[in-house]
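K.L.:
So that you have it, the file is my_file_32.cif, and it contains mmCIF, C-alpha atoms:
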```cif
data_entry
loop_
_atom_site.label_atom_id
_atom_site.label_comp_id
_atom_site.auth_asym_id
_atom_site.auth_seq_id
_atom_site.Cartn_x
_atom_site.Cartn_y
_atom_site.Cartn_z
CA MET A 307 61.06 -45.81 -23.37
CA PRO A 308 58.04 -44.52 -21.44
CA LYS A 309 54.77 -44.12 -23.33
CA VAL A 310 54.68 -40.38 -22.63
CA GLU A 311 57.91 -39.89 -24.55
CA LEU A 312 56.45 -41.77 -27.52
CA LYS A 313 53.28 -39.64 -27.53
CA GLN A 314 54.99 -36.28 -27.10
CA PRO A 315 56.26 -35.96 -30.72
CA ILE A 316 52.77 -36.62 -32.05
CA VAL A 317 51.23 -34.02 -29.73
CA GLU A 318 53.92 -31.56 -30.81
CA GLU A 319 53.15 -32.33 -34.48
CA ILE A 320 49.47 -31.56 -33.91
CA SER A 321 50.33 -28.39 -31.99
CA ALA A 322 52.57 -27.22 -34.83
CA ALA A 323 49.86 -27.96 -37.40
CA ILE A 324 47.19 -25.91 -35.60
CA LYS A 325 49.50 -23.13 -34.36
CA ASP A 326 48.93 -20.87 -37.39
CA ALA A 327 45.67 -22.47 -38.53
CA ALA A 328 42.81 -20.28 -39.75
CA SER A 329 40.40 -23.19 -39.30
CA VAL A 330 40.19 -26.76 -38.06
CA VAL A 331 37.29 -29.03 -38.98
CA VAL A 332 36.60 -32.37 -37.28
CA VAL A 333 34.90 -35.12 -39.29
CA ASP A 334 33.72 -38.65 -38.71
CA TYR A 335 35.07 -40.67 -41.62
CA ARG A 336 33.56 -44.06 -40.68
CA GLY A 337 32.03 -45.85 -43.63
CA LEU A 338 34.15 -44.25 -46.34
CA THR A 339 35.70 -46.64 -48.81
CA VAL A 340 39.41 -46.49 -49.52
CA ALA A 341 38.69 -44.95 -52.93
CA GLU A 342 36.45 -42.28 -51.37
CA ASP A 343 39.03 -41.49 -48.69
CA THR A 344 41.76 -41.23 -51.30
CA GLN A 345 39.62 -38.86 -53.40
CA LEU A 346 38.77 -36.78 -50.32
CA ARG A 347 42.44 -36.45 -49.40
CA LYS A 348 43.26 -35.43 -52.98
CA ASN A 349 40.51 -32.76 -53.01
CA LEU A 350 41.68 -31.36 -49.68
CA ARG A 351 45.33 -31.35 -50.74
CA GLU A 352 44.42 -29.42 -53.93
CA ALA A 353 42.62 -26.84 -51.76
CA GLY A 354 45.71 -26.43 -49.56
CA VAL A 355 44.18 -28.24 -46.59
CA THR A 356 46.03 -30.72 -44.36
CA TYR A 357 43.96 -33.79 -43.50
CA LYS A 358 45.05 -36.32 -40.88
CA VAL A 359 43.64 -38.85 -38.47
CA TYR A 360 44.89 -38.60 -34.89
CA LYS A 361 43.91 -40.22 -31.63
CA ASN A 362 41.47 -38.02 -29.73
CA THR A 363 43.64 -38.06 -26.61
CA TYR A 364 46.59 -36.62 -28.55
CA VAL A 365 44.42 -33.89 -30.03
CA THR A 366 42.94 -33.09 -26.62
CA ARG A 367 46.43 -32.52 -25.25
CA ALA A 368 47.51 -30.47 -28.28
CA ILE A 369 44.49 -28.14 -28.27
CA ALA A 370 44.54 -27.50 -24.52
CA GLY A 371 44.91 -23.78 -23.94
CA THR A 372 44.43 -22.82 -27.61
CA GLU A 373 41.54 -21.24 -29.49
CA PHE A 374 40.66 -24.76 -30.70
CA GLU A 375 40.03 -26.10 -27.19
CA SER A 376 36.25 -25.97 -27.77
CA LEU A 377 36.62 -28.91 -30.18
CA LYS A 378 37.25 -31.17 -27.18
CA GLU A 379 33.52 -31.77 -26.75
CA VAL A 380 33.18 -33.44 -30.19
CA LEU A 381 36.22 -35.71 -29.89
CA GLU A 382 34.40 -39.01 -29.58
CA GLY A 383 34.83 -41.96 -31.87
CA PRO A 384 37.05 -41.92 -34.94
CA SER A 385 37.93 -38.38 -35.91
CA ALA A 386 39.87 -36.86 -38.77
CA PHE A 387 41.07 -33.28 -38.78
CA ALA A 388 41.17 -30.89 -41.73
CA VAL A 389 43.44 -27.90 -41.05
CA SER A 390 43.85 -24.82 -43.22
CA THR A 391 46.31 -22.03 -42.61
CA GLU A 392 45.34 -19.86 -45.58
CA ASP A 393 41.67 -20.08 -46.60
CA ALA A 394 39.52 -20.36 -43.48
CA THR A 395 36.49 -21.71 -45.34
CA ALA A 396 38.30 -24.19 -47.60
CA PRO A 397 38.06 -27.27 -45.31
CA ALA A 398 34.34 -26.77 -44.73
CA ARG A 399 33.67 -26.17 -48.44
CA VAL A 400 35.62 -29.20 -49.65
CA LEU A 401 34.26 -31.51 -46.93
CA ALA A 402 30.64 -30.40 -47.41
CA ASP A 403 30.94 -30.79 -51.17
CA PHE A 404 32.43 -34.27 -50.77
CA ALA A 405 29.77 -35.24 -48.21
CA LYS A 406 27.13 -34.77 -50.93
CA LYS A 407 28.77 -37.60 -52.89
CA ALA A 408 29.71 -39.68 -49.84
CA PRO A 409 26.92 -39.34 -47.25
CA LYS A 410 28.86 -41.46 -44.73
CA LEU A 411 31.23 -38.51 -44.18
CA GLU A 412 29.92 -36.48 -41.25
CA ILE A 413 31.18 -33.05 -40.28
CA LYS A 414 31.16 -32.95 -36.48
CA ALA A 415 32.25 -29.37 -35.79
CA GLY A 416 34.96 -26.85 -36.45
CA VAL A 417 36.69 -23.69 -35.37
CA VAL A 418 36.98 -20.96 -37.98
CA GLU A 419 39.08 -17.92 -37.07
CA GLY A 420 38.65 -18.57 -33.36
CA THR A 421 34.88 -19.20 -33.39
CA PHE A 422 33.41 -22.63 -32.66
CA TYR A 423 30.72 -23.91 -35.05
CA ASP A 424 28.68 -27.08 -34.74
CA ALA A 425 27.75 -29.24 -37.75
CA ALA A 426 24.97 -26.86 -38.85
CA GLY A 427 27.28 -23.87 -38.51
CA MET A 428 29.93 -25.62 -40.58
CA SER A 429 27.34 -26.23 -43.29
CA ALA A 430 26.68 -22.49 -43.36
CA ILE A 431 30.43 -21.76 -43.47
CA ALA A 432 30.73 -24.16 -46.42
CA THR A 433 28.50 -21.90 -48.52
CA ILE A 434 30.90 -18.95 -48.18
CA PRO A 435 33.04 -18.57 -51.30
CA SER A 436 36.81 -18.49 -51.09
CA ARG A 437 38.65 -15.24 -50.41
CA GLU A 438 39.79 -15.05 -54.06
CA VAL A 439 36.21 -15.39 -55.34
CA LEU A 440 34.98 -12.73 -52.91
CA LEU A 441 37.77 -10.35 -53.93
CA SER A 442 37.05 -10.87 -57.63
CA ARG A 443 33.35 -10.19 -57.01
CA LEU A 444 34.22 -7.03 -55.11
CA LEU A 445 36.55 -5.89 -57.85
CA GLY A 446 33.88 -6.63 -60.46
CA SER A 447 31.28 -4.64 -58.56
CA MET A 448 33.73 -1.75 -58.18
CA GLN A 449 34.64 -1.82 -61.88
CA SER A 450 31.07 -2.08 -63.12
CA PRO A 451 30.00 1.54 -62.41
CA VAL A 452 33.27 2.89 -63.81
CA THR A 453 32.91 0.76 -66.95
CA ASN A 454 29.29 1.83 -67.40
CA LEU A 455 30.26 5.49 -66.97
CA ALA A 456 33.00 5.11 -69.59
CA ARG A 457 30.51 3.54 -72.01
CA VAL A 458 27.99 6.34 -71.49
CA LEU A 459 30.62 9.03 -71.92
CA ASN A 460 31.88 7.30 -75.07
CA GLN A 461 28.33 7.13 -76.48
CA ILE A 462 27.79 10.81 -75.64
CA ALA A 463 31.06 11.68 -77.35
CA GLU A 464 30.10 9.66 -80.44
CA LYS A 465 26.61 11.18 -80.59
CA GLY A 466 27.95 14.56 -79.49
CA GLY A 467 29.51 15.21 -82.90
CA ALA A 468 26.13 14.71 -84.59
CA ALA A 469 24.32 16.61 -81.83
CA ASP A 470 26.69 19.60 -82.15
CA ALA A 471 25.95 19.81 -85.89
CA ALA A 472 22.19 19.67 -85.19
CA VAL A 473 22.54 22.38 -82.53
CA GLU A 474 24.42 24.61 -84.94
CA GLU A 475 21.76 24.14 -87.65
CA ALA A 476 18.87 24.83 -85.24
CA PRO A 477 19.80 28.47 -84.41
CA ALA A 478 20.25 29.21 -88.09
CA ALA A 479 16.80 27.77 -88.86
CA GLU A 480 15.25 29.72 -85.95
CA ALA A 481 16.86 32.94 -87.17
CA ALA A 482 15.39 32.37 -90.64
CA GLU A 483 11.90 31.83 -89.21
CA THR A 484 11.96 34.86 -86.93
CA PRO A 485 10.56 37.93 -88.75
CA ALA A 486 12.78 40.94 -88.79
CA GLU A 487 11.45 43.83 -86.77
#
```
Could you quickly redo this structure as structure tokens?
P.N.:
Amino acid sequence: MPKVELKQPIVEEISAAIKDAASVVVVDYRGLTVAEDTQLRKNLREAGVTYKVYKNTYVTRAIAGTEFESLKEVLEGPSAFAVSTEDATAPARVLADFAKKAPKLEIKAGVVEGTFYDAAGMSAIATIPSREVLLSRLLGSMQSPVTNLARVLNQIAEKGGAADAAVEEAPAAEAAETPAE
């Protein structure tokens, strides 16, 4: 069987993996121990990220003509690929967090929602919280003014009963003090 026929299924597998991807991050994994690599794979799997090592030539063929084609310039040496179809920032976040514990892991570059980022850009992307966290923060900030308004209105209502009694007593006291003409 010709070599091209053997390589084609792998290229198709890569193409299928990146077809609906929100982000792809390329890392240099040289120097990681087996235990570190296992832990990294576990962390990425828990975040819903696919992590695989492919030959650079296969990836180059698979990304040709896609929005990930700009990654071709960083495909030198051993490369692993973290692909996420749901949370665009998840691969960068998990990899950057893991790189703090395992300094041998090097983020080369990535494409997030069609935009190419170098290693520094990926570090910045890693600081962005997940979509769920951002939505919960937005919801909290939207609920805060409404909650505060409800508290104030409740306090006014509670004090309002006492204030109404004081208001009713005040005109009677003023009427008593005013001399009759």
K.L.:
Just the residues within 9 Å of Thr366 in chain A, please, counting all atoms listed in the file, with nothing from its chain fewer than 6 positions along; format it as a ChimeraX atom specification.
P.N.:
/A:317,375,377-378,381
K.L.:
When you count only C-alpha atoms, which of these residues is closest to Val439 in chain A: A:Ala368, A:Leu346, A:Ser329, A:Ala396?
P.N.:
A:Ala396
K.L.:
List the residues selected by the PyMOL selection byres ((chain A and resi 417) around 10) in the file shown, writing them as a list in words.
P.N.:
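After applying the PyMOL selection byres ((chain A and resi 417) around 10), what remains is Ala327, Ala328, Ser329, Val330, Val331, Val332, Glu373, Phe374, Glu375, Ser376, Leu377, Val389, Ala394, Ala415, Gly416, Val418, Glu419, Gly420, Thr421, Phe422, Tyr423, Asp424, Gly427 and Met428 of chain A.
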K.L.:
So the first atom is CA of Lys465 in chain A and the second is CA of Gln449 in chain A; what is the distance between them in Å, to one decimal place?
P.N.:
24.2 Å
K.L.:
Could you state which residues are captured by the PyMOL selection byres ((chain A and resi 319) around 12) in this file, as an MDAnalysis selection string?
P.N.:
chainID A and resid 313:318 320:325 358 360 364:365 367:369
